[in-house]
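Enquirer: Compact mmCIF, C-alpha atoms, file structure.txt:
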```txt
# COMPACT_ATOMS: atom_id res chain seq x y z
CA MET J 1 -1.27 -9.59 -25.85
CA ALA J 2 -1.02 -12.55 -23.51
CA CYS J 3 -4.73 -12.59 -22.79
CA ALA J 4 -5.94 -12.37 -26.37
CA ALA J 5 -5.76 -15.97 -27.40
CA SER J 6 -8.28 -18.17 -25.63
CA ALA J 7 -11.89 -19.08 -26.14
CA ALA J 8 -14.50 -18.09 -23.60
CA VAL J 9 -14.58 -20.32 -20.55
CA ALA J 10 -17.16 -20.98 -17.89
CA THR J 11 -17.43 -18.56 -15.02
CA VAL J 12 -15.99 -19.20 -11.58
CA GLY J 13 -17.20 -17.95 -8.17
CA LEU J 14 -18.14 -14.41 -9.24
CA ALA J 15 -21.08 -15.06 -11.55
CA VAL J 16 -24.55 -16.55 -11.17
CA SER J 17 -27.89 -15.77 -12.73
CA PRO J 18 -28.55 -12.03 -12.50
CA ALA J 19 -31.27 -10.62 -10.30
CA ALA J 20 -32.90 -7.23 -10.09
CA ALA J 21 -31.07 -4.63 -8.02
CA ALA J 22 -32.56 -3.91 -4.62
CA PRO J 23 -33.84 -0.41 -3.89
CA ALA J 24 -31.19 2.06 -2.78
CA THR J 25 -30.72 2.30 0.97
CA THR J 26 -32.25 5.15 2.89
CA THR J 27 -29.99 4.72 5.94
CA GLN J 28 -26.99 6.95 6.46
CA ALA J 29 -23.66 5.44 5.50
CA GLU J 30 -21.35 4.86 8.45
CA PRO J 31 -18.38 2.50 8.92
CA GLY J 32 -19.61 -1.02 9.60
CA GLY J 33 -23.24 -0.13 8.91
CA ALA J 34 -25.42 -2.33 6.71
CA CYS J 35 -25.88 -1.59 3.01
CA THR J 36 -27.71 -3.25 0.13
CA ALA J 37 -26.71 -4.53 -3.31
CA ALA J 38 -28.03 -1.29 -4.79
CA ASP J 39 -25.31 0.54 -2.84
CA LEU J 40 -22.47 -1.37 -4.51
CA GLY J 41 -22.17 1.39 -7.10
CA THR J 42 -22.18 4.29 -4.64
CA ARG J 43 -19.79 5.93 -2.19
CA HIS J 44 -20.01 8.48 0.58
CA PRO J 45 -17.32 10.63 2.21
CA TYR J 46 -16.10 10.55 5.75
CA ILE J 47 -13.73 13.12 7.23
CA LYS J 48 -10.35 11.73 8.31
CA SER J 49 -8.70 14.96 9.46
CA SER J 50 -9.41 18.69 9.70
CA GLU J 51 -7.30 21.74 10.44
CA VAL J 52 -8.65 25.25 10.98
CA THR J 53 -6.20 28.10 10.36
CA PRO J 54 -7.04 31.79 10.74
CA THR J 55 -5.84 33.37 7.50
CA ILE J 56 -5.49 36.97 6.37
CA THR J 57 -6.58 37.45 2.76
CA HIS J 58 -6.03 41.24 2.50
CA PHE J 59 -3.91 43.62 4.57
CA LYS J 60 -2.61 47.18 4.72
CA GLY J 61 -0.58 48.97 7.38
CA TRP J 62 -2.05 52.43 8.09
CA TYR J 63 -0.94 55.29 10.30
CA VAL J 64 -3.54 57.60 11.82
CA THR J 65 -2.43 60.97 13.18
CA GLU J 66 -4.31 63.18 15.63
CA GLY J 67 -5.96 65.12 12.86
CA SER J 68 -6.77 62.21 10.54
CA ALA J 69 -9.09 60.17 12.80
CA GLY J 70 -12.61 59.37 11.64
CA THR J 71 -14.07 57.16 8.95
CA GLN J 72 -11.74 56.30 6.07
CA SER J 73 -11.73 53.76 3.24
CA VAL J 74 -8.38 52.04 2.89
CA ASN J 75 -7.44 49.97 -0.16
CA THR J 76 -5.89 46.72 1.11
CA SER J 77 -3.51 44.46 -0.82
CA VAL J 78 -4.00 40.75 -1.49
CA GLN J 79 -2.24 38.64 1.09
CA THR J 80 -3.40 35.18 0.01
CA THR J 81 -6.21 33.66 -2.08
CA ILE J 82 -8.13 30.63 -0.85
CA SER J 83 -10.04 28.45 -3.33
CA VAL J 84 -12.55 25.77 -2.41
CA SER J 85 -11.54 22.37 -3.75
CA VAL J 86 -12.14 18.68 -3.14
CA GLY J 87 -9.87 15.98 -4.53
CA LEU J 88 -8.38 16.30 -8.00
CA THR J 89 -10.53 19.09 -9.31
CA GLY J 90 -10.44 22.78 -8.53
CA ASN J 91 -14.18 22.88 -9.00
CA VAL J 92 -16.96 21.59 -6.77
CA GLU J 93 -19.63 20.25 -9.08
CA GLY J 94 -20.43 16.70 -7.98
CA SER J 95 -22.58 15.36 -5.17
CA PHE J 96 -19.58 13.75 -3.45
CA GLU J 97 -17.82 17.11 -3.17
CA PHE J 98 -20.93 18.82 -1.77
CA GLU J 99 -21.42 16.04 0.75
CA THR J 100 -17.75 16.15 1.77
CA LEU J 101 -17.78 19.87 2.50
CA GLY J 102 -21.13 19.58 4.26
CA LYS J 103 -19.69 16.95 6.59
CA VAL J 104 -16.64 19.14 7.24
CA GLY J 105 -18.85 22.00 8.41
CA ALA J 106 -21.04 19.72 10.52
CA SER J 107 -18.10 18.01 12.20
CA LEU J 108 -16.46 21.32 13.12
CA GLY J 109 -19.60 23.30 13.87
CA LEU J 110 -18.57 25.91 11.31
CA ASN J 111 -20.42 27.55 8.44
CA VAL J 112 -18.04 26.71 5.58
CA GLN J 113 -18.29 27.24 1.83
CA VAL J 114 -19.78 24.18 0.09
CA ASN J 115 -19.76 25.50 -3.48
CA TYR J 116 -16.81 26.38 -5.66
CA THR J 117 -15.65 29.88 -4.82
CA SER J 118 -12.52 31.73 -3.75
CA THR J 119 -11.53 34.77 -1.79
CA SER J 120 -10.82 37.88 -3.85
CA SER J 121 -7.57 37.91 -5.81
CA THR J 122 -7.67 41.69 -6.27
CA SER J 123 -7.25 44.62 -3.91
CA THR J 124 -10.36 45.55 -1.95
CA SER J 125 -11.16 48.40 0.42
CA VAL J 126 -11.95 48.32 4.11
CA THR J 127 -13.98 51.19 5.58
CA TRP J 128 -13.25 51.85 9.24
CA ASN J 129 -13.95 54.54 11.82
CA PHE J 130 -10.58 55.39 13.38
CA ARG J 131 -11.25 56.85 16.84
CA ASN J 132 -7.66 57.06 18.08
CA PRO J 133 -4.34 57.91 16.44
CA GLY J 134 -1.80 55.13 16.04
CA TYR J 135 -0.50 52.35 13.81
CA TYR J 136 -3.27 50.08 12.47
CA GLY J 137 -3.48 46.95 10.42
CA LEU J 138 -6.54 46.97 8.14
CA TYR J 139 -7.47 43.43 7.19
CA LYS J 140 -9.89 40.99 5.68
CA GLY J 141 -9.63 37.40 6.77
CA THR J 142 -11.27 34.05 7.26
CA LYS J 143 -10.71 30.64 8.77
CA LYS J 144 -9.12 28.34 6.21
CA VAL J 145 -10.23 24.73 6.67
CA THR J 146 -8.12 21.93 5.20
CA GLY J 147 -7.89 18.20 5.74
CA THR J 148 -8.26 14.76 4.25
CA TYR J 149 -11.26 12.57 3.50
CA GLY J 150 -11.85 8.94 2.74
CA SER J 151 -14.78 7.16 1.17
CA LEU J 152 -17.23 4.59 2.44
CA ASN J 153 -18.09 1.91 -0.09
CA CYS J 154 -20.48 -0.99 0.09
CA ASN J 155 -18.75 -4.39 -0.05
CA ARG J 156 -19.10 -7.92 1.24
CA VAL J 157 -17.62 -8.64 4.66
CA GLN J 158 -17.21 -12.05 6.27
CA GLN J 159 -18.73 -12.28 9.74
CA GLY J 160 -17.26 -14.02 12.75
CA ASP J 161 -19.52 -17.04 12.20
CA GLY J 162 -18.34 -17.42 8.61
CA SER J 163 -21.45 -15.89 7.03
CA TRP J 164 -21.29 -12.87 4.72
CA ALA J 165 -23.01 -9.51 4.84
CA LEU J 166 -22.91 -6.23 2.92
CA LYS J 167 -21.43 -3.40 4.97
CA TRP J 168 -20.00 0.08 4.49
CA ILE J 169 -16.22 -0.26 4.50
CA GLU J 170 -13.37 2.21 4.09
CA GLY J 171 -12.78 2.45 0.35
CA ALA J 172 -9.39 2.51 -1.28
CA ASP J 173 -9.49 6.13 -2.40
CA THR J 174 -8.69 9.20 -0.33
CA GLY J 175 -8.03 12.87 -0.99
CA SER J 176 -7.74 16.35 0.45
CA TYR J 177 -10.09 19.33 0.64
CA THR J 178 -9.89 23.09 1.20
CA THR J 179 -12.66 25.46 2.16
CA PHE J 180 -13.15 28.54 4.32
CA THR J 181 -15.61 30.26 6.63
CA THR J 182 -17.36 33.63 6.27
CA LEU J 183 -15.02 36.55 5.58
CA GLU J 184 -14.59 39.23 8.23
CA GLU J 185 -12.84 42.58 8.13
CA GLY J 186 -11.56 45.03 10.69
CA ALA J 187 -8.67 47.05 12.08
CA VAL J 188 -6.22 46.19 14.84
CA ARG J 189 -3.45 48.13 16.63
CA CYS J 190 -0.24 46.85 18.19
CA GLU J 191 -1.47 47.63 21.69
CA ASP J 192 -4.84 45.86 21.26
CA LYS J 193 -5.43 42.72 23.34
CA VAL J 194 -6.78 40.06 20.99
CA PRO J 195 -7.64 36.35 21.40
CA ALA J 196 -4.92 33.85 20.53
CA ASN J 197 -5.39 31.92 17.28
CA SER J 198 -7.93 34.43 15.99
CA ILE J 199 -8.15 36.22 12.65
CA MET J 200 -7.52 39.52 14.43
CA ARG J 201 -4.39 38.07 16.08
CA LYS J 202 -3.09 36.96 12.66
CA ALA J 203 -3.60 40.52 11.41
CA ARG J 204 -1.79 42.01 14.40
CA ASP J 205 1.11 39.60 13.81
CA LEU J 206 1.59 41.20 10.39
CA LEU J 207 2.17 44.60 11.95
CA ASP J 208 5.82 45.47 12.59
CA CYS J 209 5.04 46.23 16.22
CA GLY J 210 8.06 47.45 18.17
CA SER J 211 9.96 48.37 15.03
CA ALA J 212 11.05 51.88 14.11
CA THR J 213 8.27 51.91 11.50
CA ALA J 214 5.59 51.51 14.13
CA THR J 215 6.95 53.94 16.69
CA ALA J 216 8.57 56.69 14.67
CA LYS J 217 6.73 59.82 13.64
CA HIS J 218 4.95 59.15 10.41
CA PRO J 219 2.54 61.07 8.19
CA ALA J 220 -1.03 59.85 8.00
CA GLY J 221 -1.52 57.08 5.46
CA PRO J 222 0.02 53.76 4.41
CA VAL J 223 2.94 52.21 6.28
CA PRO J 224 4.92 49.33 4.76
CA SER J 225 4.99 46.08 6.71
CA ALA J 226 7.94 43.80 6.04
CA LYS J 227 6.16 40.92 7.79
CA ALA J 228 3.09 41.27 5.56
CA ALA J 229 5.23 41.45 2.44
CA GLU J 230 7.11 38.30 3.41
CA ALA J 231 3.94 36.41 4.33
CA GLY J 232 2.28 37.41 1.06
CA HIS J 233 5.29 36.21 -0.91
CA GLU J 234 5.24 32.82 0.82
CA ALA J 235 1.49 32.46 0.23
CA GLU J 236 1.96 33.23 -3.47
CA LYS J 237 4.63 30.55 -3.81
CA ALA J 238 2.43 28.01 -2.01
CA ALA J 239 -0.56 28.83 -4.26
CA LYS J 240 1.54 28.38 -7.40
CA ALA J 241 2.79 25.02 -6.17
CA GLU J 242 -0.76 23.89 -5.33
CA LYS J 243 -2.04 24.98 -8.74
CA SER J 244 0.79 23.12 -10.45
CA VAL J 245 -0.16 19.91 -8.66
CA LYS J 246 -3.86 20.24 -9.51
CA THR J 247 -3.32 21.00 -13.18
CA THR J 248 -0.94 18.11 -13.73
CA GLY J 249 -2.97 15.62 -15.71
CA SER J 250 -2.60 11.87 -15.82
CA PRO J 251 0.55 11.09 -17.82
CA ALA J 252 0.35 9.20 -21.07
CA PRO J 253 0.26 5.49 -20.22
CA ALA J 254 3.46 3.55 -20.72
CA THR J 255 2.93 0.81 -23.27
CA ARG J 256 2.76 -2.71 -21.94
CA ALA J 257 3.69 -5.84 -23.90
CA ALA J 258 1.16 -8.10 -22.17
CA LEU J 259 -1.43 -8.23 -19.45
CA ASP J 260 -1.76 -11.00 -16.93
CA CYS J 261 -5.42 -11.74 -17.56
CA GLN J 262 -7.58 -14.27 -15.79
CA PRO J 263 -9.04 -16.89 -18.15
CA SER J 264 -12.68 -16.19 -17.30
CA VAL J 265 -14.63 -13.98 -19.72
CA TYR J 266 -17.51 -11.84 -18.49
CA LYS J 267 -20.33 -9.63 -19.56
CA ILE J 268 -21.02 -6.59 -17.37
CA ASP J 269 -24.82 -6.63 -17.28
CA VAL J 270 -27.57 -4.41 -16.00
CA PRO J 271 -29.12 -6.75 -13.39
CA GLY J 272 -32.04 -8.71 -14.77
CA LYS J 273 -32.04 -6.88 -18.12
CA PRO J 274 -30.56 -7.62 -21.57
CA LEU J 275 -28.30 -4.56 -21.98
CA ASN J 276 -24.63 -4.72 -21.00
CA TRP J 277 -21.33 -2.88 -21.43
CA SER J 278 -20.14 -2.84 -25.05
CA ALA J 279 -16.78 -1.38 -26.07
CA PRO J 280 -16.56 1.11 -28.98
CA LEU J 281 -15.30 0.33 -32.47
CA LEU J 282 -14.36 3.97 -33.07
CA ALA J 283 -11.62 5.69 -31.07
CA ASN J 284 -13.75 8.79 -30.39
CA ASP J 285 -16.71 6.80 -29.05
CA GLY J 286 -17.39 5.47 -25.57
CA ILE J 287 -18.49 2.28 -23.83
CA ARG J 288 -22.25 1.99 -24.21
CA LEU J 289 -25.14 -0.18 -23.10
CA ARG J 290 -25.93 -2.64 -25.88
CA GLU J 291 -27.84 -5.90 -26.25
CA SER J 292 -25.69 -8.88 -27.14
CA ASN J 293 -26.37 -10.50 -30.53
CA TRP J 294 -24.45 -12.05 -33.44
CA THR J 295 -23.00 -8.64 -34.37
CA SER J 296 -21.43 -8.02 -30.96
CA ALA J 297 -18.05 -9.36 -32.15
CA HIS J 298 -16.85 -9.86 -28.56
CA LEU J 299 -17.16 -6.12 -27.85
CA ASP J 300 -19.34 -7.14 -24.89
CA ASN J 301 -16.74 -9.59 -23.54
CA TRP J 302 -14.34 -8.49 -20.78
CA ARG J 303 -11.50 -10.03 -18.82
CA LEU J 304 -10.06 -8.99 -15.47
CA CYS J 305 -6.32 -8.40 -15.81
CA ASN J 306 -3.40 -7.70 -13.45
CA VAL J 307 -5.76 -8.47 -10.59
CA THR J 308 -4.87 -7.69 -6.99
CA GLU J 309 -7.05 -7.86 -3.90
CA ARG J 310 -6.87 -5.83 -0.68
CA ASN J 311 -9.30 -6.06 2.22
CA GLY J 312 -11.76 -7.92 0.03
CA VAL J 313 -11.75 -5.32 -2.77
CA ILE J 314 -10.49 -6.35 -6.21
CA GLU J 315 -8.37 -3.98 -8.29
CA ALA J 316 -8.12 -4.83 -11.98
CA SER J 317 -7.81 -3.60 -15.54
CA LEU J 318 -10.84 -4.36 -17.72
CA TRP J 319 -9.59 -5.75 -21.05
CA ASN J 320 -12.02 -5.95 -23.96
CA TRP J 321 -11.84 -9.02 -26.18
CA GLY J 322 -13.42 -7.27 -29.15
CA ASN J 323 -11.08 -4.30 -29.65
CA GLY J 324 -8.09 -5.27 -27.49
CA GLY J 325 -8.25 -2.06 -25.44
CA CYS J 326 -8.64 -1.40 -21.73
CA ALA J 327 -11.54 0.51 -20.18
CA THR J 328 -10.51 4.03 -19.15
CA VAL J 329 -11.73 7.53 -18.46
CA PRO J 330 -10.29 9.98 -21.06
CA ALA J 331 -7.47 11.94 -19.40
CA ASP J 332 -8.66 15.34 -20.65
CA ILE J 333 -12.06 15.01 -18.94
CA ALA J 334 -11.11 12.74 -16.05
CA ASN J 335 -11.95 15.37 -13.40
CA GLN J 336 -15.47 15.94 -14.73
CA GLU J 337 -18.74 14.69 -13.32
CA GLN J 338 -20.41 12.34 -15.86
CA ALA J 339 -17.26 11.90 -17.97
CA TYR J 340 -17.81 8.87 -20.19
CA LEU J 341 -15.81 5.65 -20.26
CA THR J 342 -14.03 4.49 -23.37
CA THR J 343 -11.21 2.07 -24.22
CA ALA J 344 -7.58 2.83 -25.03
CA THR J 345 -4.32 1.03 -25.62
CA CYS J 346 -3.57 -0.80 -22.40
CA GLY J 347 -0.82 0.79 -20.34
CA GLU J 348 0.46 1.52 -16.87
CA ASP J 349 -2.17 4.12 -16.00
CA ASP J 350 -4.42 4.46 -12.93
CA LEU J 351 -7.17 5.77 -15.21
CA GLN J 352 -7.33 2.19 -16.52
CA ARG J 353 -7.51 0.61 -13.08
CA PHE J 354 -10.81 -0.09 -11.35
CA TYR J 355 -11.90 -1.22 -7.90
CA ILE J 356 -14.63 -3.85 -7.90
CA TYR J 357 -16.96 -4.10 -4.90
CA ARG J 358 -18.83 -7.41 -4.63
CA ASP J 359 -22.08 -8.72 -3.26
CA VAL J 360 -22.14 -11.69 -0.87
CA PRO J 361 -21.03 -15.06 -2.34
CA GLY J 362 -23.71 -16.58 -4.52
CA SER J 363 -24.50 -13.24 -6.12
CA SER J 364 -22.67 -11.73 -9.10
CA LYS J 365 -23.62 -8.11 -8.39
CA ILE J 366 -20.79 -5.59 -8.35
CA GLY J 367 -20.02 -1.89 -8.12
CA VAL J 368 -17.13 -0.37 -10.10
CA GLN J 369 -14.92 2.59 -9.15
CA ASN J 370 -12.13 4.27 -11.11
CA LYS J 371 -8.87 4.23 -9.15
CA TYR J 372 -7.53 7.60 -10.34
CA THR J 373 -10.65 9.74 -10.03
CA GLY J 374 -12.38 7.85 -7.21
CA PHE J 375 -15.67 8.25 -9.10
CA MET J 376 -18.17 5.38 -9.31
CA ILE J 377 -19.32 3.98 -12.63
CA GLY J 378 -22.96 3.99 -13.74
CA HIS J 379 -25.38 5.15 -16.42
CA ASP J 380 -27.87 8.00 -16.54
CA ARG J 381 -30.77 6.02 -17.90
CA TYR J 382 -31.46 2.49 -19.08
CA ALA J 383 -31.50 2.74 -22.87
CA ASP J 384 -29.80 1.07 -25.82
CA GLY J 385 -26.75 3.15 -26.75
CA GLU J 386 -26.56 4.98 -23.40
CA LEU J 387 -22.98 5.89 -22.44
CA ILE J 388 -21.36 4.41 -19.35
CA ARG J 389 -20.21 7.35 -17.20
CA GLN J 390 -18.54 8.21 -13.91
CA TYR J 391 -20.38 9.88 -11.02
CA SER J 392 -18.61 11.27 -7.98
CA SER J 393 -21.02 9.63 -5.51
CA GLY J 394 -22.33 6.99 -7.88
CA ARG J 395 -25.92 6.56 -8.91
CA GLN J 396 -28.04 6.62 -5.76
CA ASP J 397 -30.98 4.93 -7.51
CA GLY J 398 -29.08 1.65 -7.88
CA THR J 399 -28.20 2.07 -11.58
CA GLY J 400 -24.51 1.79 -10.69
CA THR J 401 -24.92 -1.84 -9.65
CA TYR J 402 -24.05 -4.36 -12.36
CA THR J 403 -23.62 -8.12 -12.61
CA LEU J 404 -20.40 -9.82 -13.66
CA THR J 405 -21.77 -12.74 -15.65
CA GLY J 406 -19.52 -15.48 -17.00
CA VAL J 407 -19.88 -16.46 -20.66
```
Show this structure as structure tokens.

Expert:
Amino acid sequence: MACAASAAVATVGLAVSPAAAAPATTTQAEPGGACTAADLGTRHPYIKSSEVTPTITHFKGWYVTEGSAGTQSVNTSVQTTISVSVGLTGNVEGSFEFETLGKVGASLGLNVQVNYTSTSSTSTSVTWNFRNPGYYGLYKGTKKVTGTYGSLNCNRVQQGDGSWALKWIEGADTGSYTTFTTLEEGAVRCEDKVPANSIMRKARDLLDCGSATATAKHPAGPVPSAKAAEAGHEAEKAAKAEKSVKTTGSPAPATRAALDCQPSVYKIDVPGKPLNWSAPLLANDGIRLRESNWTSAHLDNWRLCNVTERNGVIEASLWNWGNGGCATVPADIANQEQAYLTTATCGEDDLQRFYIYRDVPGSSKIGVQNKYTGFMIGHDRYADGELIRQYSSGRQDGTGTYTLTGV
């Protein structure tokens, strides 16, 4: 590899003597707001767009004759299934996902689901008191809420007078979310006046009002609805397509002959303490906190490779001098909260790319974020041998802030 052949060199602008991380901020993250060095390893969501769509989850056309009025339980068929999701994963298990959905509900003034759940994927019954004969649509429905989110990350920003400050900026990662409001059920007839863009209106739209089916004499009981059948078919196709996208994992990285690595060599330290990132010798192990000594064999030495910079945020691969691999999140657990970091053969893979958020010039403190997952990098506790892991919102106690120290 092109970067494998040089001795360690002195650091340039990024590294100075480490200092203890400041306490985590207690102020709410907002674009342009102040943050502290302890926030470099954290992120918070902000909602970029939202769309609320009344959606029917279950439906059945039902004809009531003069003698069949009264309370009946009608078994409705699945029309569509809505699952709560944020970003890459179909589950909601990290603090970033909870915070995202909480902000969605607050911004819209709606009571939305903030935990992983879904509407029923099996037939369910609706009990209704039919007071008048006629053609009814029995339904269950909800308001489906979808949209996109971005993240706010702490990074250095140059002021108009040339000075620098730490502020919350729009991070490089973005994603989409889906959730829904409380389920409701009911019955609607063709002749009922219902509010536009309501769940009840969506149910009435599924009735074949005006067709021979709705107006002809019909025995009491179920009535087919061509509109409902067509809508259910389209929803099923859309759900399959969405599931296909979410289950597609990160492809195997294409091999790369060489990396364009910067000459500087760094340790990634815990601020003010002796432990730092150390790459594994064994393929099934992860990057751990270790203290540098004569046995380190360059496993604690890292280079920044294929570096780009956008809006003051560095994107780079982290190449390890000791084992020749690149830092990565294992593909099979990449969507999991607290998945550990390891190293792998360097390749063209976003799992091996990291955003680096920096403190003001003169400080070497940084925060690290995986490009593919959007998760921040940190550790659960300060201890020799502790694995370096990813956290959806980062470590709010400041343990996701590191120093990039030249060696």

Enquirer: For J:Gly322, list every protein, DNA or RNA residue within 8 Å, evaluated using all atoms listed in the file, and leave out those in the same chain fewer than 4 positions away; present the list as a ChimeraX atom specification.

Expert: /J:279,297-301

Enquirer: Print the selection's residues with C-alpha atoms to a file, as a PDB file, keeping the file's coordinate frame.

Expert:
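Printed below is result26.pdb as written:
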```pdb
ATOM      1  CA  ALA J 279     -16.780  -1.380 -26.070  1.00  0.00           C
ATOM      2  CA  ALA J 297     -18.050  -9.360 -32.150  1.00  0.00           C
ATOM      3  CA  HIS J 298     -16.850  -9.860 -28.560  1.00  0.00           C
ATOM      4  CA  LEU J 299     -17.160  -6.120 -27.850  1.00  0.00           C
ATOM      5  CA  ASP J 300     -19.340  -7.140 -24.890  1.00  0.00           C
ATOM      6  CA  ASN J 301     -16.740  -9.590 -23.540  1.00  0.00           C
TER       7      ASN J 301
END
```

Enquirer: Neighbours of J:Lys365 within 8 Å (only C-alpha atoms; same-chain residues fewer than 6 positions away dropped), as JSON, numbers by chain?

Expert: {"J": [18, 37, 40, 271, 358, 359, 401, 402, 403, 404]}

Enquirer: Only C-alpha atoms, please: the residues just picked out, written as a PDB file, in the frame of the given file.

Expert:
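Output file result.pdb follows:
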```
ATOM      1  CA  PRO J  18     -28.550 -12.030 -12.500  1.00  0.00           C
ATOM      2  CA  ALA J  37     -26.710  -4.530  -3.310  1.00  0.00           C
ATOM      3  CA  LEU J  40     -22.470  -1.370  -4.510  1.00  0.00           C
ATOM      4  CA  PRO J 271     -29.120  -6.750 -13.390  1.00  0.00           C
ATOM      5  CA  ARG J 358     -18.830  -7.410  -4.630  1.00  0.00           C
ATOM      6  CA  ASP J 359     -22.080  -8.720  -3.260  1.00  0.00           C
ATOM      7  CA  THR J 401     -24.920  -1.840  -9.650  1.00  0.00           C
ATOM      8  CA  TYR J 402     -24.050  -4.360 -12.360  1.00  0.00           C
ATOM      9  CA  THR J 403     -23.620  -8.120 -12.610  1.00  0.00           C
ATOM     10  CA  LEU J 404     -20.400  -9.820 -13.660  1.00  0.00           C
TER      11      LEU J 404
END
```

Enquirer: With all atoms listed in the file counted, which protein, DNA or RNA residues have an atom no more than 12 Å from (-14.8, 0.8, -33.1) in the file frame? Please answer as JSON, numbers by chain.

Expert: {"J": [278, 279, 280, 281, 282, 283, 284, 285, 286, 287, 288, 296, 297, 298, 299, 320, 322, 323, 324, 325, 342, 343, 344]}

Enquirer: I need the residues from that last selection saved to file as a PDB file, in the coordinates of the input (with C-alpha atoms), if you can.

Expert:
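File written: again_11.pdb
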```pdb
ATOM      1  CA  SER J 278     -20.140  -2.840 -25.050  1.00  0.00           C
ATOM      2  CA  ALA J 279     -16.780  -1.380 -26.070  1.00  0.00           C
ATOM      3  CA  PRO J 280     -16.560   1.110 -28.980  1.00  0.00           C
ATOM      4  CA  LEU J 281     -15.300   0.330 -32.470  1.00  0.00           C
ATOM      5  CA  LEU J 282     -14.360   3.970 -33.070  1.00  0.00           C
ATOM      6  CA  ALA J 283     -11.620   5.690 -31.070  1.00  0.00           C
ATOM      7  CA  ASN J 284     -13.750   8.790 -30.390  1.00  0.00           C
ATOM      8  CA  ASP J 285     -16.710   6.800 -29.050  1.00  0.00           C
ATOM      9  CA  GLY J 286     -17.390   5.470 -25.570  1.00  0.00           C
ATOM     10  CA  ILE J 287     -18.490   2.280 -23.830  1.00  0.00           C
ATOM     11  CA  ARG J 288     -22.250   1.990 -24.210  1.00  0.00           C
ATOM     12  CA  SER J 296     -21.430  -8.020 -30.960  1.00  0.00           C
ATOM     13  CA  ALA J 297     -18.050  -9.360 -32.150  1.00  0.00           C
ATOM     14  CA  HIS J 298     -16.850  -9.860 -28.560  1.00  0.00           C
ATOM     15  CA  LEU J 299     -17.160  -6.120 -27.850  1.00  0.00           C
ATOM     16  CA  ASN J 320     -12.020  -5.950 -23.960  1.00  0.00           C
ATOM     17  CA  GLY J 322     -13.420  -7.270 -29.150  1.00  0.00           C
ATOM     18  CA  ASN J 323     -11.080  -4.300 -29.650  1.00  0.00           C
ATOM     19  CA  GLY J 324      -8.090  -5.270 -27.490  1.00  0.00           C
ATOM     20  CA  GLY J 325      -8.250  -2.060 -25.440  1.00  0.00           C
ATOM     21  CA  THR J 342     -14.030   4.490 -23.370  1.00  0.00           C
ATOM     22  CA  THR J 343     -11.210   2.070 -24.220  1.00  0.00           C
ATOM     23  CA  ALA J 344      -7.580   2.830 -25.030  1.00  0.00           C
TER      24      ALA J 344
END
```

Enquirer: Do you know which residues lie at most 9 Å from (-5.5, 10.3, 11.4), with coordinates as in the file and only C-alpha atoms counted, and could you write them as a list in words?

Expert: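 Counting only C-alpha atoms, I find these residues within 9 Å of (-5.5, 10.3, 11.4): Lys48, Ser49 and Thr148 of chain J.
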
Enquirer: Which residues come within 10 Å of J:Leu108, counting all atoms listed in the file, excluding same-chain residues fewer than 3 positions away, as a list in words?

Expert: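 Here the answer would be Ser50, Glu51, Val52, Lys103, Val104, Gly105, Asn111, Val112 and Val145 of chain J.
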
Enquirer: How many Å lie between atom CA of J:Arg395 and atom CA of J:Lys167, rounded to one decimal?

Expert: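 Interatomic distance, atom CA of J:Arg395 to atom CA of J:Lys167: 17.7 Å.
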
Enquirer: Skip stretch 304-313 of chain J itself and residues of its chain fewer than 6 positions away, then list as an NGL selection string all residues within 6 Å of it, counting all atoms listed in the file.

Expert: :J and (260-262 or 357)

Enquirer: For J:Ser225, please output as number ranges by chain all residues within 12 Å (counting all atoms listed in the file; exclusion window: fewer than 3 positions along the same chain).

Expert: J: 59-63, 77, 79, 135-138, 203-214, 222, 228-232

Enquirer: Can you spit out the residues from that selection as a compact mmCIF listing (two decimals), in the coordinates of the input, using C-alpha atoms?

Expert:
```txt
# COMPACT_ATOMS: atom_id res chain seq x y z
CA PHE J 59 -3.91 43.62 4.57
CA LYS J 60 -2.61 47.18 4.72
CA GLY J 61 -0.58 48.97 7.38
CA TRP J 62 -2.05 52.43 8.09
CA TYR J 63 -0.94 55.29 10.30
CA SER J 77 -3.51 44.46 -0.82
CA GLN J 79 -2.24 38.64 1.09
CA TYR J 135 -0.50 52.35 13.81
CA TYR J 136 -3.27 50.08 12.47
CA GLY J 137 -3.48 46.95 10.42
CA LEU J 138 -6.54 46.97 8.14
CA ALA J 203 -3.60 40.52 11.41
CA ARG J 204 -1.79 42.01 14.40
CA ASP J 205 1.11 39.60 13.81
CA LEU J 206 1.59 41.20 10.39
CA LEU J 207 2.17 44.60 11.95
CA ASP J 208 5.82 45.47 12.59
CA CYS J 209 5.04 46.23 16.22
CA GLY J 210 8.06 47.45 18.17
CA SER J 211 9.96 48.37 15.03
CA ALA J 212 11.05 51.88 14.11
CA THR J 213 8.27 51.91 11.50
CA ALA J 214 5.59 51.51 14.13
CA PRO J 222 0.02 53.76 4.41
CA ALA J 228 3.09 41.27 5.56
CA ALA J 229 5.23 41.45 2.44
CA GLU J 230 7.11 38.30 3.41
CA ALA J 231 3.94 36.41 4.33
CA GLY J 232 2.28 37.41 1.06
```

Enquirer: From the set J:Trp321, J:Tyr340, J:Tyr355, J:Phe96, which residue has the shortest atom-to-atom contact distance to J:Ser393, counting all atoms listed in the file?

Expert: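 Looking at the shortest contact to J:Ser393, the residue is J:Phe96.
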
Enquirer: Give me, please, the distance in Å between atom CA of J:Ser163 and atom CA of J:Ile314, quoted to one decimal.

Expert: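 Between atom CA of J:Ser163 and atom CA of J:Ile314 the gap works out to 19.7 Å.
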